[in-house]
Structures are given as C-alpha cells and as structure tokens.
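*Asks:* File my_file21.cif follows (mmCIF, C-alpha atoms):
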```
data_input
loop_
_atom_site.group_PDB
_atom_site.id
_atom_site.type_symbol
_atom_site.label_atom_id
_atom_site.label_comp_id
_atom_site.auth_asym_id
_atom_site.auth_seq_id
_atom_site.Cartn_x
_atom_site.Cartn_y
_atom_site.Cartn_z
ATOM 1 C CA MET A 1 87.392 101.437 86.864
ATOM 2 C CA ASP A 2 90.060 99.527 84.921
ATOM 3 C CA LEU A 3 92.312 97.808 87.450
ATOM 4 C CA ASN A 4 94.765 96.853 84.715
ATOM 5 C CA LYS A 5 95.814 100.501 84.459
ATOM 6 C CA LEU A 6 96.921 100.515 88.093
ATOM 7 C CA THR A 7 100.239 99.441 89.561
ATOM 8 C CA GLU A 8 100.503 96.086 91.285
ATOM 9 C CA LYS A 9 100.713 97.792 94.699
ATOM 10 C CA SER A 10 97.584 99.819 93.898
ATOM 11 C CA GLN A 11 95.719 96.689 92.857
ATOM 12 C CA ASP A 12 96.828 94.982 96.082
ATOM 13 C CA ALA A 13 95.596 97.967 98.083
ATOM 14 C CA LEU A 14 92.188 97.844 96.409
ATOM 15 C CA ARG A 15 91.868 94.115 97.083
ATOM 16 C CA SER A 16 92.821 94.728 100.700
ATOM 17 C CA ALA A 17 90.311 97.596 100.887
ATOM 18 C CA GLN A 18 87.642 95.229 99.631
ATOM 19 C CA THR A 19 88.534 92.753 102.373
ATOM 20 C CA ILE A 20 88.373 95.510 104.991
ATOM 21 C CA ALA A 21 84.916 96.542 103.753
ATOM 22 C CA VAL A 22 83.626 92.970 103.959
ATOM 23 C CA GLN A 23 85.161 92.423 107.400
ATOM 24 C CA ASN A 24 83.335 95.546 108.591
ATOM 25 C CA SER A 25 80.028 94.419 107.024
ATOM 26 C CA ASN A 26 79.986 97.414 104.678
ATOM 27 C CA ASN A 27 78.201 97.190 101.344
ATOM 28 C CA GLN A 28 80.201 99.995 99.772
ATOM 29 C CA LEU A 29 83.883 100.314 98.994
ATOM 30 C CA ASP A 30 85.013 103.839 99.815
ATOM 31 C CA ILE A 31 88.172 105.890 100.207
ATOM 32 C CA ASP A 32 88.293 105.122 103.928
ATOM 33 C CA HIS A 33 88.767 101.433 103.137
ATOM 34 C CA LEU A 34 91.489 102.249 100.615
ATOM 35 C CA PHE A 35 93.284 104.536 103.059
ATOM 36 C CA ALA A 36 93.168 101.838 105.740
ATOM 37 C CA ALA A 37 94.612 99.358 103.247
ATOM 38 C CA LEU A 38 97.390 101.769 102.241
ATOM 39 C CA LEU A 39 98.289 102.271 105.897
ATOM 40 C CA ARG A 40 98.751 98.489 106.194
ATOM 41 C CA GLN A 41 101.150 98.230 103.233
ATOM 42 C CA GLU A 42 104.424 98.073 105.136
ATOM 43 C CA GLN A 43 106.572 98.591 102.038
ATOM 44 C CA GLY A 44 104.154 101.056 100.451
ATOM 45 C CA LEU A 45 104.864 104.592 99.354
ATOM 46 C CA VAL A 46 102.019 106.129 101.371
ATOM 47 C CA LEU A 47 103.259 104.733 104.667
ATOM 48 C CA SER A 48 106.802 105.815 103.891
ATOM 49 C CA LEU A 49 105.715 109.379 103.072
ATOM 50 C CA LEU A 50 103.590 109.659 106.191
ATOM 51 C CA LYS A 51 106.476 108.445 108.356
ATOM 52 C CA LYS A 52 108.854 110.961 106.769
ATOM 53 C CA ALA A 53 106.298 113.714 107.377
ATOM 54 C CA GLY A 54 106.220 112.779 111.058
ATOM 55 C CA ILE A 55 102.543 111.852 111.060
ATOM 56 C CA PRO A 56 101.567 109.839 114.151
ATOM 57 C CA LEU A 57 100.553 106.632 112.372
ATOM 58 C CA ASP A 58 98.861 104.982 115.334
ATOM 59 C CA THR A 59 96.574 107.964 115.793
ATOM 60 C CA LEU A 60 95.876 108.206 112.069
ATOM 61 C CA SER A 61 95.113 104.484 111.781
ATOM 62 C CA LEU A 62 92.753 104.665 114.752
ATOM 63 C CA ARG A 63 90.945 107.635 113.202
ATOM 64 C CA VAL A 64 90.510 105.785 109.897
ATOM 65 C CA VAL A 65 89.100 102.748 111.729
ATOM 66 C CA GLN A 66 86.666 105.022 113.567
ATOM 67 C CA GLU A 67 85.482 106.481 110.253
ATOM 68 C CA ILE A 68 84.977 103.007 108.789
ATOM 69 C CA GLU A 69 82.957 102.007 111.857
ATOM 70 C CA LYS A 70 80.549 104.895 111.110
ATOM 71 C CA LEU A 71 79.718 103.525 107.645
ATOM 72 C CA PRO A 72 76.441 101.651 107.103
ATOM 73 C CA LYS A 73 76.574 97.941 107.845
ATOM 74 C CA VAL A 74 74.821 95.119 106.020
ATOM 75 C CA ALA A 75 74.469 91.569 107.288
ATOM 76 C CA GLY A 76 76.275 89.031 105.139
ATOM 77 C CA SER A 77 78.383 91.492 103.176
ATOM 78 C CA GLN A 78 80.212 89.757 100.300
ATOM 79 C CA PRO A 79 82.901 91.076 97.918
ATOM 80 C CA GLU A 80 80.675 90.538 94.870
ATOM 81 C CA ASN A 81 77.913 92.642 96.465
ATOM 82 C CA LEU A 82 80.083 95.682 97.188
ATOM 83 C CA TYR A 83 79.592 98.783 95.160
ATOM 84 C CA VAL A 84 82.328 101.339 94.602
ATOM 85 C CA THR A 85 81.431 104.844 95.744
ATOM 86 C CA THR A 86 81.702 107.816 93.435
ATOM 87 C CA ARG A 87 84.408 109.273 95.696
ATOM 88 C CA LEU A 88 86.620 106.216 95.260
ATOM 89 C CA THR A 89 85.958 106.011 91.542
ATOM 90 C CA LYS A 90 87.038 109.643 91.106
ATOM 91 C CA LEU A 91 90.113 109.104 93.253
ATOM 92 C CA VAL A 92 91.299 106.057 91.318
ATOM 93 C CA ALA A 93 90.364 107.332 87.859
#
```
Hey, can you dump this file as structure tokens for me?

*Replies:*
Amino acid sequence: MDLNKLTEKSQDALRSAQTIAVQNSNNQLDIDHLFAALLRQEQGLVLSLLKKAGIPLDTLSLRVVQEIEKLPKVAGSQPENLYVTTRLTKLVA
C-alpha cells in the first residue's frame, strides 16, 4: 500500500485508524478502524455525506465501536506490530 498515492485526509484517516487499533489492543488494522477514523474527521467528506443522507451518526459510531471490540486483542499492541488486513488493502488500493 503506497500512502503517497492517497490524499492528505486519507493518510490522516489511516494514521488515526492505526491509533484506534492500538488503543483497542488489536494486532490488525482493518476497515472497521478506518471507518471509525473517518467518522471522527469532523471536516471529512464521509461524515458530511452521512449527515446529508440522514444517517444517525451516534448509532452508527456505536455500532462501529462494537465491531472493533469484537476483534482479537493482543497485549502490548504497538503500531509497528500491526498488520494490514486483506480487506483494508483491497479497499485502499
């Protein structure tokens, strides 16, 4: 995955997703982490589109957090030890 091909906002979202994964003691970086990060980007396109579509953001955010909580946990998770799932690689590619 070549981050240099992504927009600045996309790169920020991936860095934030990585932080979310580490905070949740996950050893994999997956689309759930990215979606959670995109939902936190207050000036981001995704949040704007979801608001315009009338999606209940609180409910959606809670559901994403619940999905992240289901992911396997590893003690001492570190950013350099995360691996990117195939699903996320395909999504970003």

*Asks:* Work out how far apart CA of Ala17 (chain A) and CA of Gly54 (chain A) are and give it in Å to one decimal.

*Replies:*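 So the answer is 24.2 Å.
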
*Asks:* Between A:Thr89, A:Gln18, A:Ser10, A:Asn4, which residue has the minimum interatomic distance to Val46 (chain A), considering all atoms listed in the file?

*Replies:* A:Ser10

*Asks:* Measuring between only C-alpha atoms, which one of A:Ser61, A:Ser48, A:Thr85, A:Gln11 shows the shortest distance to Ile31 (chain A)?

*Replies:*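 Distance minimum relative to Ile31 (chain A) lands on A:Thr85.
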
*Asks:* Give me, please, the distance in Å between CA of Leu39 (chain A) and CA of Arg87 (chain A), quoted to one decimal.

*Replies:*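 Taking CA of Leu39 (chain A) as the start and CA of Arg87 (chain A) as the end point, the length is 18.6 Å.
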
*Asks:* Closest to Ala75 (chain A) among A:Asp58, A:Gln23, A:Leu47, A:Phe35, using only C-alpha atoms?

*Replies:*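 Answer, going by the shortest atom-to-atom distance: A:Gln23.
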
*Asks:* Could you check which of A:Ala36, A:Leu14, A:Val92, A:Ala21 is closest to Leu71 (chain A), using only C-alpha atoms?

*Replies:* A:Ala21

*Asks:* Taking the file as shown, what set of residues would the PyMOL selection byres ((chain A and resi 32) around 9) give back, as a PyMOL selection string?

*Replies:* chain A and resi 17+29-31+33-37+64-65+67-68+88

*Asks:* Using C-alpha atoms, can you write the selected residues to a file as an mmCIF file, keeping the file's coordinate frame?

*Replies:*
```cif
data_model
loop_
_atom_site.group_PDB
_atom_site.id
_atom_site.type_symbol
_atom_site.label_atom_id
_atom_site.label_comp_id
_atom_site.auth_asym_id
_atom_site.auth_seq_id
_atom_site.Cartn_x
_atom_site.Cartn_y
_atom_site.Cartn_z
ATOM 1 C CA ALA A 17 90.311 97.596 100.887
ATOM 2 C CA LEU A 29 83.883 100.314 98.994
ATOM 3 C CA ASP A 30 85.013 103.839 99.815
ATOM 4 C CA ILE A 31 88.172 105.890 100.207
ATOM 5 C CA HIS A 33 88.767 101.433 103.137
ATOM 6 C CA LEU A 34 91.489 102.249 100.615
ATOM 7 C CA PHE A 35 93.284 104.536 103.059
ATOM 8 C CA ALA A 36 93.168 101.838 105.740
ATOM 9 C CA ALA A 37 94.612 99.358 103.247
ATOM 10 C CA VAL A 64 90.510 105.785 109.897
ATOM 11 C CA VAL A 65 89.100 102.748 111.729
ATOM 12 C CA GLU A 67 85.482 106.481 110.253
ATOM 13 C CA ILE A 68 84.977 103.007 108.789
ATOM 14 C CA LEU A 88 86.620 106.216 95.260
#
```

*Asks:* What gap, in Å, lies between CA of Val22 (chain A) and CA of Arg40 (chain A)?

*Replies:*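 Distance between the two atoms: 16.3 Å.
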
*Asks:* Report the residues retrieved by the PyMOL selection byres ((chain A and resi 28) around 6) from the displayed file, expressed as a list in words.

*Replies:*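 In the shown coordinates, the PyMOL selection byres ((chain A and resi 28) around 6) covers Asn26, Asn27, Leu29, Leu82, Tyr83 and Val84 of chain A.
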
*Asks:* Generate the output file for the selected residues, C-alpha atoms, as a PDB file, in the coordinates of the input.

*Replies:*
```
ATOM      1  CA  ASN A  26      79.986  97.414 104.678  1.00  0.00           C
ATOM      2  CA  ASN A  27      78.201  97.190 101.344  1.00  0.00           C
ATOM      3  CA  LEU A  29      83.883 100.314  98.994  1.00  0.00           C
ATOM      4  CA  LEU A  82      80.083  95.682  97.188  1.00  0.00           C
ATOM      5  CA  TYR A  83      79.592  98.783  95.160  1.00  0.00           C
ATOM      6  CA  VAL A  84      82.328 101.339  94.602  1.00  0.00           C
TER       7      VAL A  84
END
```

*Asks:* Rank A:Leu3, A:Leu62, A:Lys9, A:Ala93 by their smallest atom-to-atom distance to Gly44 (chain A), using only C-alpha atoms, and report the top residue only.

*Replies:*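 Of A:Leu3, A:Leu62, A:Lys9, A:Ala93, the one nearest Gly44 (chain A), counting only C-alpha atoms, is A:Lys9.
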
*Asks:* Which of these, A:Lys5, A:Arg63, A:Lys52, A:Lys73, has the shortest distance to Asn24 (chain A) once you count only C-alpha atoms?

*Replies:* A:Lys73
